[in-house]
>>> print(open('protein-v6.txt').read())   # compact mmCIF, N, CA and C atoms
# COMPACT_ATOMS: atom_id res chain seq x y z
N MET A 1 0.85 -1.18 0.00
CA MET A 1 0.00 0.00 0.00
C MET A 1 0.90 1.24 0.00
N ASN A 2 0.59 2.25 -0.84
CA ASN A 2 1.43 3.44 -0.88
C ASN A 2 1.15 4.35 0.32
N GLN A 3 2.05 5.31 0.54
CA GLN A 3 1.95 6.17 1.72
C GLN A 3 0.66 6.98 1.77
N ARG A 4 0.20 7.44 0.62
CA ARG A 4 -1.03 8.24 0.58
C ARG A 4 -2.23 7.42 1.03
N LYS A 5 -2.30 6.16 0.57
CA LYS A 5 -3.41 5.28 0.97
C LYS A 5 -3.33 4.96 2.46
N VAL A 6 -2.12 4.72 2.95
CA VAL A 6 -1.94 4.44 4.38
C VAL A 6 -2.37 5.66 5.20
N GLY A 7 -1.92 6.85 4.77
CA GLY A 7 -2.29 8.08 5.47
C GLY A 7 -3.79 8.29 5.48
N SER A 8 -4.43 8.06 4.35
CA SER A 8 -5.88 8.22 4.25
C SER A 8 -6.61 7.24 5.16
N MET A 9 -6.11 6.02 5.22
CA MET A 9 -6.72 5.01 6.08
C MET A 9 -6.66 5.45 7.55
N TYR A 10 -5.51 5.96 7.98
CA TYR A 10 -5.38 6.40 9.36
C TYR A 10 -6.19 7.67 9.64
N GLU A 11 -6.28 8.56 8.66
CA GLU A 11 -7.11 9.76 8.85
C GLU A 11 -8.58 9.37 9.03
N GLN A 12 -9.05 8.40 8.26
CA GLN A 12 -10.43 7.93 8.42
C GLN A 12 -10.64 7.31 9.81
N ALA A 13 -9.66 6.52 10.26
CA ALA A 13 -9.75 5.89 11.58
C ALA A 13 -9.78 6.95 12.67
N VAL A 14 -8.95 7.97 12.53
CA VAL A 14 -8.92 9.06 13.51
C VAL A 14 -10.24 9.82 13.47
N GLY A 15 -10.78 10.06 12.27
CA GLY A 15 -12.07 10.73 12.16
C GLY A 15 -13.16 9.98 12.90
N TYR A 16 -13.19 8.67 12.73
CA TYR A 16 -14.17 7.85 13.44
C TYR A 16 -13.96 7.95 14.96
N TYR A 17 -12.71 7.87 15.39
CA TYR A 17 -12.38 7.97 16.81
C TYR A 17 -12.84 9.32 17.37
N LEU A 18 -12.56 10.39 16.65
CA LEU A 18 -12.95 11.72 17.12
C LEU A 18 -14.47 11.86 17.20
N GLU A 19 -15.18 11.27 16.25
CA GLU A 19 -16.65 11.30 16.31
C GLU A 19 -17.14 10.60 17.58
N GLN A 20 -16.48 9.52 17.96
CA GLN A 20 -16.85 8.82 19.20
C GLN A 20 -16.58 9.69 20.43
N GLN A 21 -15.65 10.65 20.29
CA GLN A 21 -15.31 11.56 21.38
C GLN A 21 -16.18 12.83 21.36
N GLY A 22 -17.11 12.92 20.41
CA GLY A 22 -18.04 14.05 20.37
C GLY A 22 -17.72 15.10 19.31
N TYR A 23 -16.66 14.92 18.56
CA TYR A 23 -16.35 15.85 17.48
C TYR A 23 -17.32 15.60 16.32
N GLU A 24 -17.56 16.63 15.54
CA GLU A 24 -18.27 16.48 14.27
C GLU A 24 -17.26 16.75 13.17
N ILE A 25 -17.00 15.79 12.32
CA ILE A 25 -16.04 15.96 11.24
C ILE A 25 -16.72 16.76 10.13
N LEU A 26 -16.14 17.89 9.78
CA LEU A 26 -16.69 18.75 8.74
C LEU A 26 -16.05 18.48 7.39
N GLU A 27 -14.77 18.14 7.41
CA GLU A 27 -14.07 17.97 6.15
C GLU A 27 -12.79 17.16 6.35
N TYR A 28 -12.52 16.30 5.40
CA TYR A 28 -11.26 15.56 5.34
C TYR A 28 -10.39 16.20 4.26
N ASN A 29 -9.12 16.32 4.54
CA ASN A 29 -8.13 16.76 3.55
C ASN A 29 -8.50 18.07 2.86
N TYR A 30 -8.67 19.12 3.65
CA TYR A 30 -8.91 20.44 3.07
C TYR A 30 -7.61 20.91 2.42
N ARG A 31 -7.69 21.24 1.13
CA ARG A 31 -6.51 21.64 0.38
C ARG A 31 -6.69 23.03 -0.23
N CYS A 32 -5.59 23.75 -0.24
CA CYS A 32 -5.51 25.00 -0.99
C CYS A 32 -4.07 25.11 -1.48
N ARG A 33 -3.72 26.18 -2.14
CA ARG A 33 -2.38 26.29 -2.73
C ARG A 33 -1.28 26.33 -1.67
N MET A 34 -1.64 26.63 -0.42
CA MET A 34 -0.64 26.73 0.65
C MET A 34 -0.38 25.40 1.34
N GLY A 35 -1.25 24.42 1.13
CA GLY A 35 -1.06 23.13 1.79
C GLY A 35 -2.36 22.41 2.07
N GLU A 36 -2.34 21.59 3.09
CA GLU A 36 -3.47 20.73 3.41
C GLU A 36 -3.62 20.61 4.93
N ILE A 37 -4.87 20.48 5.35
CA ILE A 37 -5.19 20.14 6.73
C ILE A 37 -5.92 18.81 6.68
N ASP A 38 -5.48 17.86 7.50
CA ASP A 38 -6.02 16.51 7.44
C ASP A 38 -7.50 16.45 7.79
N LEU A 39 -7.89 17.08 8.88
CA LEU A 39 -9.30 17.07 9.31
C LEU A 39 -9.70 18.45 9.81
N VAL A 40 -10.90 18.85 9.45
CA VAL A 40 -11.52 20.04 10.04
C VAL A 40 -12.75 19.53 10.77
N ALA A 41 -12.86 19.90 12.03
CA ALA A 41 -13.94 19.36 12.85
C ALA A 41 -14.53 20.44 13.77
N GLN A 42 -15.67 20.13 14.32
CA GLN A 42 -16.31 20.97 15.33
C GLN A 42 -16.27 20.19 16.64
N ASP A 43 -15.78 20.82 17.69
CA ASP A 43 -15.78 20.22 19.02
C ASP A 43 -16.37 21.24 19.96
N GLY A 44 -17.67 21.09 20.23
CA GLY A 44 -18.36 22.09 21.04
C GLY A 44 -18.35 23.41 20.30
N GLU A 45 -17.87 24.46 20.96
CA GLU A 45 -17.83 25.78 20.33
C GLU A 45 -16.62 25.97 19.43
N TYR A 46 -15.67 25.05 19.45
CA TYR A 46 -14.41 25.21 18.72
C TYR A 46 -14.45 24.61 17.32
N LEU A 47 -13.89 25.36 16.39
CA LEU A 47 -13.56 24.82 15.08
C LEU A 47 -12.14 24.29 15.24
N VAL A 48 -11.94 23.03 14.92
CA VAL A 48 -10.66 22.37 15.20
C VAL A 48 -10.00 21.95 13.90
N PHE A 49 -8.75 22.37 13.76
CA PHE A 49 -7.93 21.96 12.62
C PHE A 49 -6.99 20.87 13.13
N CYS A 50 -7.10 19.68 12.55
CA CYS A 50 -6.38 18.51 13.06
C CYS A 50 -5.30 18.04 12.10
N GLU A 51 -4.14 17.79 12.64
CA GLU A 51 -3.05 17.18 11.88
C GLU A 51 -2.86 15.77 12.41
N VAL A 52 -2.93 14.79 11.51
CA VAL A 52 -2.81 13.38 11.89
C VAL A 52 -1.44 12.88 11.46
N LYS A 53 -0.72 12.25 12.39
CA LYS A 53 0.60 11.72 12.08
C LYS A 53 0.70 10.26 12.52
N TYR A 54 1.26 9.46 11.63
CA TYR A 54 1.50 8.04 11.90
C TYR A 54 2.94 7.73 11.52
N ARG A 55 3.57 6.91 12.33
CA ARG A 55 4.91 6.43 12.01
C ARG A 55 4.92 4.92 12.17
N ARG A 56 5.48 4.26 11.17
CA ARG A 56 5.59 2.81 11.22
C ARG A 56 6.61 2.38 12.28
N SER A 57 7.66 3.22 12.43
CA SER A 57 8.67 2.93 13.44
C SER A 57 9.13 4.25 14.05
N TYR A 58 9.90 4.15 15.11
CA TYR A 58 10.37 5.35 15.80
C TYR A 58 11.71 5.85 15.27
N ARG A 59 12.22 5.26 14.18
CA ARG A 59 13.50 5.71 13.61
C ARG A 59 13.46 7.19 13.26
N ALA A 60 12.33 7.66 12.80
CA ALA A 60 12.18 9.08 12.44
C ALA A 60 11.61 9.89 13.60
N GLY A 61 11.48 9.28 14.78
CA GLY A 61 10.93 9.97 15.95
C GLY A 61 9.45 9.70 16.12
N SER A 62 8.92 10.24 17.17
CA SER A 62 7.50 10.11 17.48
C SER A 62 6.67 10.84 16.43
N PRO A 63 5.50 10.33 16.11
CA PRO A 63 4.66 11.05 15.14
C PRO A 63 4.27 12.44 15.65
N LEU A 64 4.12 12.59 16.95
CA LEU A 64 3.75 13.89 17.51
C LEU A 64 4.87 14.91 17.35
N GLU A 65 6.11 14.44 17.35
CA GLU A 65 7.26 15.33 17.17
C GLU A 65 7.38 15.83 15.74
N ALA A 66 6.70 15.20 14.81
CA ALA A 66 6.82 15.56 13.40
C ALA A 66 6.15 16.89 13.06
N VAL A 67 5.33 17.41 13.96
CA VAL A 67 4.65 18.68 13.70
C VAL A 67 5.50 19.79 14.31
N ASP A 68 6.55 20.14 13.57
CA ASP A 68 7.48 21.17 14.05
C ASP A 68 6.94 22.57 13.73
N GLN A 69 7.72 23.60 14.05
CA GLN A 69 7.25 24.97 13.85
C GLN A 69 6.95 25.28 12.39
N CYS A 70 7.74 24.74 11.50
CA CYS A 70 7.51 24.96 10.07
C CYS A 70 6.15 24.38 9.65
N LYS A 71 5.87 23.16 10.09
CA LYS A 71 4.59 22.51 9.77
C LYS A 71 3.43 23.26 10.43
N GLN A 72 3.63 23.72 11.66
CA GLN A 72 2.60 24.49 12.36
C GLN A 72 2.25 25.76 11.60
N LYS A 73 3.26 26.44 11.09
CA LYS A 73 3.05 27.68 10.34
C LYS A 73 2.24 27.40 9.07
N LYS A 74 2.55 26.31 8.40
CA LYS A 74 1.83 25.93 7.18
C LYS A 74 0.37 25.61 7.51
N ILE A 75 0.14 24.86 8.58
CA ILE A 75 -1.23 24.52 9.00
C ILE A 75 -2.01 25.79 9.33
N TRP A 76 -1.36 26.72 10.02
CA TRP A 76 -2.00 27.97 10.40
C TRP A 76 -2.43 28.75 9.15
N LYS A 77 -1.56 28.80 8.14
CA LYS A 77 -1.89 29.53 6.91
C LYS A 77 -3.07 28.88 6.19
N VAL A 78 -3.09 27.56 6.14
CA VAL A 78 -4.21 26.86 5.50
C VAL A 78 -5.49 27.10 6.30
N ALA A 79 -5.39 27.11 7.62
CA ALA A 79 -6.56 27.38 8.47
C ALA A 79 -7.11 28.78 8.20
N GLN A 80 -6.22 29.76 8.04
CA GLN A 80 -6.66 31.12 7.72
C GLN A 80 -7.41 31.13 6.38
N HIS A 81 -6.91 30.40 5.43
CA HIS A 81 -7.57 30.30 4.12
C HIS A 81 -8.96 29.67 4.28
N TYR A 82 -9.04 28.60 5.06
CA TYR A 82 -10.33 27.93 5.30
C TYR A 82 -11.34 28.91 5.90
N LEU A 83 -10.90 29.65 6.91
CA LEU A 83 -11.80 30.60 7.57
C LEU A 83 -12.27 31.68 6.60
N MET A 84 -11.35 32.18 5.78
CA MET A 84 -11.69 33.20 4.80
C MET A 84 -12.67 32.66 3.75
N MET A 85 -12.39 31.48 3.22
CA MET A 85 -13.23 30.90 2.17
C MET A 85 -14.64 30.56 2.68
N HIS A 86 -14.74 30.22 3.95
CA HIS A 86 -16.04 29.87 4.53
C HIS A 86 -16.69 31.06 5.26
N ARG A 87 -16.05 32.22 5.13
CA ARG A 87 -16.55 33.47 5.74
C ARG A 87 -16.85 33.28 7.23
N LEU A 88 -15.91 32.67 7.91
CA LEU A 88 -16.07 32.43 9.34
C LEU A 88 -15.27 33.46 10.11
N THR A 89 -15.97 34.20 10.95
CA THR A 89 -15.31 35.19 11.81
C THR A 89 -15.81 34.98 13.23
N ASP A 90 -15.03 35.42 14.16
CA ASP A 90 -15.42 35.35 15.57
C ASP A 90 -15.81 33.95 16.02
N ILE A 91 -15.11 32.95 15.51
CA ILE A 91 -15.33 31.58 15.96
C ILE A 91 -14.04 31.11 16.62
N PRO A 92 -14.14 30.58 17.83
CA PRO A 92 -12.92 30.11 18.48
C PRO A 92 -12.36 28.89 17.74
N CYS A 93 -11.06 28.92 17.51
CA CYS A 93 -10.40 27.83 16.79
C CYS A 93 -9.28 27.26 17.64
N ARG A 94 -8.92 26.03 17.34
CA ARG A 94 -7.74 25.44 17.97
C ARG A 94 -7.12 24.44 17.01
N PHE A 95 -5.90 24.07 17.33
CA PHE A 95 -5.13 23.15 16.51
C PHE A 95 -4.81 21.91 17.34
N ASP A 96 -5.35 20.78 16.92
CA ASP A 96 -5.08 19.51 17.60
C ASP A 96 -4.11 18.69 16.75
N VAL A 97 -3.21 18.01 17.41
CA VAL A 97 -2.31 17.09 16.74
C VAL A 97 -2.64 15.69 17.24
N ILE A 98 -2.85 14.77 16.31
CA ILE A 98 -3.22 13.40 16.66
C ILE A 98 -2.13 12.47 16.13
N GLY A 99 -1.55 11.72 17.05
CA GLY A 99 -0.53 10.76 16.66
C GLY A 99 -1.04 9.35 16.85
N ILE A 100 -0.57 8.48 16.00
CA ILE A 100 -0.90 7.06 16.12
C ILE A 100 0.40 6.34 16.45
N GLU A 101 0.47 5.84 17.66
CA GLU A 101 1.67 5.17 18.15
C GLU A 101 1.31 3.79 18.67
N ASP A 102 1.93 2.77 18.13
CA ASP A 102 1.68 1.39 18.55
C ASP A 102 0.19 1.05 18.51
N GLY A 103 -0.50 1.55 17.48
CA GLY A 103 -1.93 1.27 17.32
C GLY A 103 -2.84 2.08 18.23
N LYS A 104 -2.27 2.97 19.03
CA LYS A 104 -3.05 3.79 19.96
C LYS A 104 -3.14 5.22 19.43
N ILE A 105 -4.34 5.81 19.50
CA ILE A 105 -4.55 7.18 19.06
C ILE A 105 -4.35 8.12 20.24
N ILE A 106 -3.45 9.08 20.06
CA ILE A 106 -3.14 10.07 21.10
C ILE A 106 -3.51 11.46 20.57
N VAL A 107 -4.41 12.13 21.27
CA VAL A 107 -4.88 13.45 20.85
C VAL A 107 -4.29 14.51 21.78
N ILE A 108 -3.58 15.46 21.16
CA ILE A 108 -3.07 16.62 21.90
C ILE A 108 -3.94 17.80 21.49
N LYS A 109 -4.86 18.16 22.38
CA LYS A 109 -5.75 19.29 22.10
C LYS A 109 -4.98 20.60 22.28
N ASN A 110 -5.29 21.56 21.41
CA ASN A 110 -4.66 22.87 21.47
C ASN A 110 -3.14 22.73 21.50
N ALA A 111 -2.61 21.92 20.59
CA ALA A 111 -1.19 21.56 20.58
C ALA A 111 -0.28 22.76 20.29
N PHE A 112 -0.80 23.74 19.58
CA PHE A 112 0.00 24.94 19.31
C PHE A 112 -0.93 26.10 19.04
N GLU A 113 -0.37 27.30 19.14
CA GLU A 113 -1.13 28.52 18.92
C GLU A 113 -1.01 28.97 17.47
N GLY A 114 -2.04 29.61 16.99
CA GLY A 114 -2.02 30.12 15.62
C GLY A 114 -1.40 31.48 15.54
>>> encode(input="protein-v6.txt", output="structure tokens")
Amino acid sequence: MNQRKVGSMYEQAVGYYLEQQGYEILEYNYRCRMGEIDLVAQDGEYLVFCEVKYRRSYRAGSPLEAVDQCKQKKIWKVAQHYLMMHRLTDIPCRFDVIGIEDGKIIVIKNAFEG
């Protein structure tokens, strides 16, 4: 299976998991010219931009460590585009990072600031 299919499979699994936690998934793989956000969801009053990371092994580090400042900046720019395109103002937003480690889903809510 190629990396894109593997990534998509894990994003779907995370989406299902988040729905079980009370999130409403609004969109998978939101794309614009600046990049992509894996999941856009609603969690209570928050619009949540989610980055999903999976690692087959720890040789490249923890999946949660993969969302460095450069990646955070890219996610933030795509989130700004999403808000502008959907004409959303005055809505509280947050950025969650979800890692899949040893088959376990780990959610870091409000993992970084925009």
>>> atom_distance(input="protein-v6.txt", atom1="CA of Met34 (chain A)", atom2="atom N of Ile105 (chain A)")
28.4 Å
>>> atom_distance(input="protein-v6.txt", atom1="CA of Met84 (chain A)", atom2="CA of Arg31 (chain A)")
13.4 Å
>>> residues_around(input="protein-v6.txt", residues="Tyr16 (chain A)", least_positions_apart="6", cutoff="12 Å", atoms="only C-alpha atoms", output="PDB file with N, CA and C atoms, in the frame of the given file")
ATOM      1  N   MET A   9      -6.110   6.020   5.220  1.00  0.00           N
ATOM      2  CA  MET A   9      -6.720   5.010   6.080  1.00  0.00           C
ATOM      3  C   MET A   9      -6.660   5.450   7.550  1.00  0.00           C
ATOM      4  N   TYR A  10      -5.510   5.960   7.980  1.00  0.00           N
ATOM      5  CA  TYR A  10      -5.380   6.400   9.360  1.00  0.00           C
ATOM      6  C   TYR A  10      -6.190   7.670   9.640  1.00  0.00           C
ATOM      7  N   GLY A  22     -17.110  12.920  20.410  1.00  0.00           N
ATOM      8  CA  GLY A  22     -18.040  14.050  20.370  1.00  0.00           C
ATOM      9  C   GLY A  22     -17.720  15.100  19.310  1.00  0.00           C
ATOM     10  N   TYR A  23     -16.660  14.920  18.560  1.00  0.00           N
ATOM     11  CA  TYR A  23     -16.350  15.850  17.480  1.00  0.00           C
ATOM     12  C   TYR A  23     -17.320  15.600  16.320  1.00  0.00           C
ATOM     13  N   GLU A  24     -17.560  16.630  15.540  1.00  0.00           N
ATOM     14  CA  GLU A  24     -18.270  16.480  14.270  1.00  0.00           C
ATOM     15  C   GLU A  24     -17.260  16.750  13.170  1.00  0.00           C
ATOM     16  N   ILE A  25     -17.000  15.790  12.320  1.00  0.00           N
ATOM     17  CA  ILE A  25     -16.040  15.960  11.240  1.00  0.00           C
ATOM     18  C   ILE A  25     -16.720  16.760  10.130  1.00  0.00           C
ATOM     19  N   TYR A  28     -12.520  16.300   5.400  1.00  0.00           N
ATOM     20  CA  TYR A  28     -11.260  15.560   5.340  1.00  0.00           C
ATOM     21  C   TYR A  28     -10.390  16.200   4.260  1.00  0.00           C
ATOM     22  N   LEU A  39      -7.890  17.080   8.880  1.00  0.00           N
ATOM     23  CA  LEU A  39      -9.300  17.070   9.310  1.00  0.00           C
ATOM     24  C   LEU A  39      -9.700  18.450   9.810  1.00  0.00           C
ATOM     25  N   ALA A  41     -12.860  19.900  12.030  1.00  0.00           N
ATOM     26  CA  ALA A  41     -13.940  19.360  12.850  1.00  0.00           C
ATOM     27  C   ALA A  41     -14.530  20.440  13.770  1.00  0.00           C
ATOM     28  N   ILE A 105      -4.340   5.810  19.500  1.00  0.00           N
ATOM     29  CA  ILE A 105      -4.550   7.180  19.060  1.00  0.00           C
ATOM     30  C   ILE A 105      -4.350   8.120  20.240  1.00  0.00           C
TER      31      ILE A 105
END
>>> select_by_dssp(input="protein-v6.txt", residues="region 45-109 of chain A", states="strand (DSSP E or B)", output="PyMOL selection string")
chain A and resi 46-54+93-101+104-109
>>> write_last_selection(input="protein-v6.txt", atoms="N, CA and C atoms", output="short mmCIF file (atom, residue, chain, number, x, y, z; two decimals), in the coordinates of the input")
data_model
loop_
_atom_site.label_atom_id
_atom_site.label_comp_id
_atom_site.auth_asym_id
_atom_site.auth_seq_id
_atom_site.Cartn_x
_atom_site.Cartn_y
_atom_site.Cartn_z
N TYR A 46 -15.67 25.05 19.45
CA TYR A 46 -14.41 25.21 18.72
C TYR A 46 -14.45 24.61 17.32
N LEU A 47 -13.89 25.36 16.39
CA LEU A 47 -13.56 24.82 15.08
C LEU A 47 -12.14 24.29 15.24
N VAL A 48 -11.94 23.03 14.92
CA VAL A 48 -10.66 22.37 15.20
C VAL A 48 -10.00 21.95 13.90
N PHE A 49 -8.75 22.37 13.76
CA PHE A 49 -7.93 21.96 12.62
C PHE A 49 -6.99 20.87 13.13
N CYS A 50 -7.10 19.68 12.55
CA CYS A 50 -6.38 18.51 13.06
C CYS A 50 -5.30 18.04 12.10
N GLU A 51 -4.14 17.79 12.64
CA GLU A 51 -3.05 17.18 11.88
C GLU A 51 -2.86 15.77 12.41
N VAL A 52 -2.93 14.79 11.51
CA VAL A 52 -2.81 13.38 11.89
C VAL A 52 -1.44 12.88 11.46
N LYS A 53 -0.72 12.25 12.39
CA LYS A 53 0.60 11.72 12.08
C LYS A 53 0.70 10.26 12.52
N TYR A 54 1.26 9.46 11.63
CA TYR A 54 1.50 8.04 11.90
C TYR A 54 2.94 7.73 11.52
N CYS A 93 -11.06 28.92 17.51
CA CYS A 93 -10.40 27.83 16.79
C CYS A 93 -9.28 27.26 17.64
N ARG A 94 -8.92 26.03 17.34
CA ARG A 94 -7.74 25.44 17.97
C ARG A 94 -7.12 24.44 17.01
N PHE A 95 -5.90 24.07 17.33
CA PHE A 95 -5.13 23.15 16.51
C PHE A 95 -4.81 21.91 17.34
N ASP A 96 -5.35 20.78 16.92
CA ASP A 96 -5.08 19.51 17.60
C ASP A 96 -4.11 18.69 16.75
N VAL A 97 -3.21 18.01 17.41
CA VAL A 97 -2.31 17.09 16.74
C VAL A 97 -2.64 15.69 17.24
N ILE A 98 -2.85 14.77 16.31
CA ILE A 98 -3.22 13.40 16.66
C ILE A 98 -2.13 12.47 16.13
N GLY A 99 -1.55 11.72 17.05
CA GLY A 99 -0.53 10.76 16.66
C GLY A 99 -1.04 9.35 16.85
N ILE A 100 -0.57 8.48 16.00
CA ILE A 100 -0.90 7.06 16.12
C ILE A 100 0.40 6.34 16.45
N GLU A 101 0.47 5.84 17.66
CA GLU A 101 1.67 5.17 18.15
C GLU A 101 1.31 3.79 18.67
N LYS A 104 -2.27 2.97 19.03
CA LYS A 104 -3.05 3.79 19.96
C LYS A 104 -3.14 5.22 19.43
N ILE A 105 -4.34 5.81 19.50
CA ILE A 105 -4.55 7.18 19.06
C ILE A 105 -4.35 8.12 20.24
N ILE A 106 -3.45 9.08 20.06
CA ILE A 106 -3.14 10.07 21.10
C ILE A 106 -3.51 11.46 20.57
N VAL A 107 -4.41 12.13 21.27
CA VAL A 107 -4.88 13.45 20.85
C VAL A 107 -4.29 14.51 21.78
N ILE A 108 -3.58 15.46 21.16
CA ILE A 108 -3.07 16.62 21.90
C ILE A 108 -3.94 17.80 21.49
N LYS A 109 -4.86 18.16 22.38
CA LYS A 109 -5.75 19.29 22.10
C LYS A 109 -4.98 20.60 22.28
#
>>> closest_residue(input="protein-v6.txt", among="A:Gly15, A:Gly103, A:Gly35, A:Pro92", to="Tyr54 (chain A)", atoms="only C-alpha atoms")
A:Gly103
>>> select_by_dssp(input="protein-v6.txt", residues="chain A", states="helix (DSSP H, G or I)", output="short mmCIF file (atom, residue, chain, number, x, y, z; two decimals) with N, CA and C atoms, in the coordinates of the input")
data_model
loop_
_atom_site.label_atom_id
_atom_site.label_comp_id
_atom_site.auth_asym_id
_atom_site.auth_seq_id
_atom_site.Cartn_x
_atom_site.Cartn_y
_atom_site.Cartn_z
N GLN A 3 2.05 5.31 0.54
CA GLN A 3 1.95 6.17 1.72
C GLN A 3 0.66 6.98 1.77
N ARG A 4 0.20 7.44 0.62
CA ARG A 4 -1.03 8.24 0.58
C ARG A 4 -2.23 7.42 1.03
N LYS A 5 -2.30 6.16 0.57
CA LYS A 5 -3.41 5.28 0.97
C LYS A 5 -3.33 4.96 2.46
N VAL A 6 -2.12 4.72 2.95
CA VAL A 6 -1.94 4.44 4.38
C VAL A 6 -2.37 5.66 5.20
N GLY A 7 -1.92 6.85 4.77
CA GLY A 7 -2.29 8.08 5.47
C GLY A 7 -3.79 8.29 5.48
N SER A 8 -4.43 8.06 4.35
CA SER A 8 -5.88 8.22 4.25
C SER A 8 -6.61 7.24 5.16
N MET A 9 -6.11 6.02 5.22
CA MET A 9 -6.72 5.01 6.08
C MET A 9 -6.66 5.45 7.55
N TYR A 10 -5.51 5.96 7.98
CA TYR A 10 -5.38 6.40 9.36
C TYR A 10 -6.19 7.67 9.64
N GLU A 11 -6.28 8.56 8.66
CA GLU A 11 -7.11 9.76 8.85
C GLU A 11 -8.58 9.37 9.03
N GLN A 12 -9.05 8.40 8.26
CA GLN A 12 -10.43 7.93 8.42
C GLN A 12 -10.64 7.31 9.81
N ALA A 13 -9.66 6.52 10.26
CA ALA A 13 -9.75 5.89 11.58
C ALA A 13 -9.78 6.95 12.67
N VAL A 14 -8.95 7.97 12.53
CA VAL A 14 -8.92 9.06 13.51
C VAL A 14 -10.24 9.82 13.47
N GLY A 15 -10.78 10.06 12.27
CA GLY A 15 -12.07 10.73 12.16
C GLY A 15 -13.16 9.98 12.90
N TYR A 16 -13.19 8.67 12.73
CA TYR A 16 -14.17 7.85 13.44
C TYR A 16 -13.96 7.95 14.96
N TYR A 17 -12.71 7.87 15.39
CA TYR A 17 -12.38 7.97 16.81
C TYR A 17 -12.84 9.32 17.37
N LEU A 18 -12.56 10.39 16.65
CA LEU A 18 -12.95 11.72 17.12
C LEU A 18 -14.47 11.86 17.20
N GLU A 19 -15.18 11.27 16.25
CA GLU A 19 -16.65 11.30 16.31
C GLU A 19 -17.14 10.60 17.58
N GLN A 20 -16.48 9.52 17.96
CA GLN A 20 -16.85 8.82 19.20
C GLN A 20 -16.58 9.69 20.43
N TYR A 58 9.90 4.15 15.11
CA TYR A 58 10.37 5.35 15.80
C TYR A 58 11.71 5.85 15.27
N ARG A 59 12.22 5.26 14.18
CA ARG A 59 13.50 5.71 13.61
C ARG A 59 13.46 7.19 13.26
N ALA A 60 12.33 7.66 12.80
CA ALA A 60 12.18 9.08 12.44
C ALA A 60 11.61 9.89 13.60
N PRO A 63 5.50 10.33 16.11
CA PRO A 63 4.66 11.05 15.14
C PRO A 63 4.27 12.44 15.65
N LEU A 64 4.12 12.59 16.95
CA LEU A 64 3.75 13.89 17.51
C LEU A 64 4.87 14.91 17.35
N GLU A 65 6.11 14.44 17.35
CA GLU A 65 7.26 15.33 17.17
C GLU A 65 7.38 15.83 15.74
N ALA A 66 6.70 15.20 14.81
CA ALA A 66 6.82 15.56 13.40
C ALA A 66 6.15 16.89 13.06
N GLN A 69 7.72 23.60 14.05
CA GLN A 69 7.25 24.97 13.85
C GLN A 69 6.95 25.28 12.39
N CYS A 70 7.74 24.74 11.50
CA CYS A 70 7.51 24.96 10.07
C CYS A 70 6.15 24.38 9.65
N LYS A 71 5.87 23.16 10.09
CA LYS A 71 4.59 22.51 9.77
C LYS A 71 3.43 23.26 10.43
N GLN A 72 3.63 23.72 11.66
CA GLN A 72 2.60 24.49 12.36
C GLN A 72 2.25 25.76 11.60
N LYS A 73 3.26 26.44 11.09
CA LYS A 73 3.05 27.68 10.34
C LYS A 73 2.24 27.40 9.07
N LYS A 74 2.55 26.31 8.40
CA LYS A 74 1.83 25.93 7.18
C LYS A 74 0.37 25.61 7.51
N ILE A 75 0.14 24.86 8.58
CA ILE A 75 -1.23 24.52 9.00
C ILE A 75 -2.01 25.79 9.33
N TRP A 76 -1.36 26.72 10.02
CA TRP A 76 -2.00 27.97 10.40
C TRP A 76 -2.43 28.75 9.15
N LYS A 77 -1.56 28.80 8.14
CA LYS A 77 -1.89 29.53 6.91
C LYS A 77 -3.07 28.88 6.19
N VAL A 78 -3.09 27.56 6.14
CA VAL A 78 -4.21 26.86 5.50
C VAL A 78 -5.49 27.10 6.30
N ALA A 79 -5.39 27.11 7.62
CA ALA A 79 -6.56 27.38 8.47
C ALA A 79 -7.11 28.78 8.20
N GLN A 80 -6.22 29.76 8.04
CA GLN A 80 -6.66 31.12 7.72
C GLN A 80 -7.41 31.13 6.38
N HIS A 81 -6.91 30.40 5.43
CA HIS A 81 -7.57 30.30 4.12
C HIS A 81 -8.96 29.67 4.28
N TYR A 82 -9.04 28.60 5.06
CA TYR A 82 -10.33 27.93 5.30
C TYR A 82 -11.34 28.91 5.90
N LEU A 83 -10.90 29.65 6.91
CA LEU A 83 -11.80 30.60 7.57
C LEU A 83 -12.27 31.68 6.60
N MET A 84 -11.35 32.18 5.78
CA MET A 84 -11.69 33.20 4.80
C MET A 84 -12.67 32.66 3.75
N MET A 85 -12.39 31.48 3.22
CA MET A 85 -13.23 30.90 2.17
C MET A 85 -14.64 30.56 2.68
#
>>> residues_around(input="protein-v6.txt", residues="Ile98 (chain A)", least_positions_apart="2", cutoff="6.5 Å", atoms="only N, CA and C atoms", output="ChimeraX atom specification")
/A:50-54,63-64,96,100,105-108
>>> atom_distance(input="protein-v6.txt", atom1="atom C of Tyr82 (chain A)", atom2="atom N of Glu19 (chain A)")
20.8 Å
>>> closest_residue(input="protein-v6.txt", among="A:Ser8, A:Cys32, A:Phe95, A:Phe112", to="His81 (chain A)", atoms="only N, CA and C atoms")
A:Cys32
>>> closest_residue(input="protein-v6.txt", among="A:Arg33, A:Arg94, A:His86, A:Lys74", to="Glu113 (chain A)", atoms="only C-alpha atoms")
A:Arg94
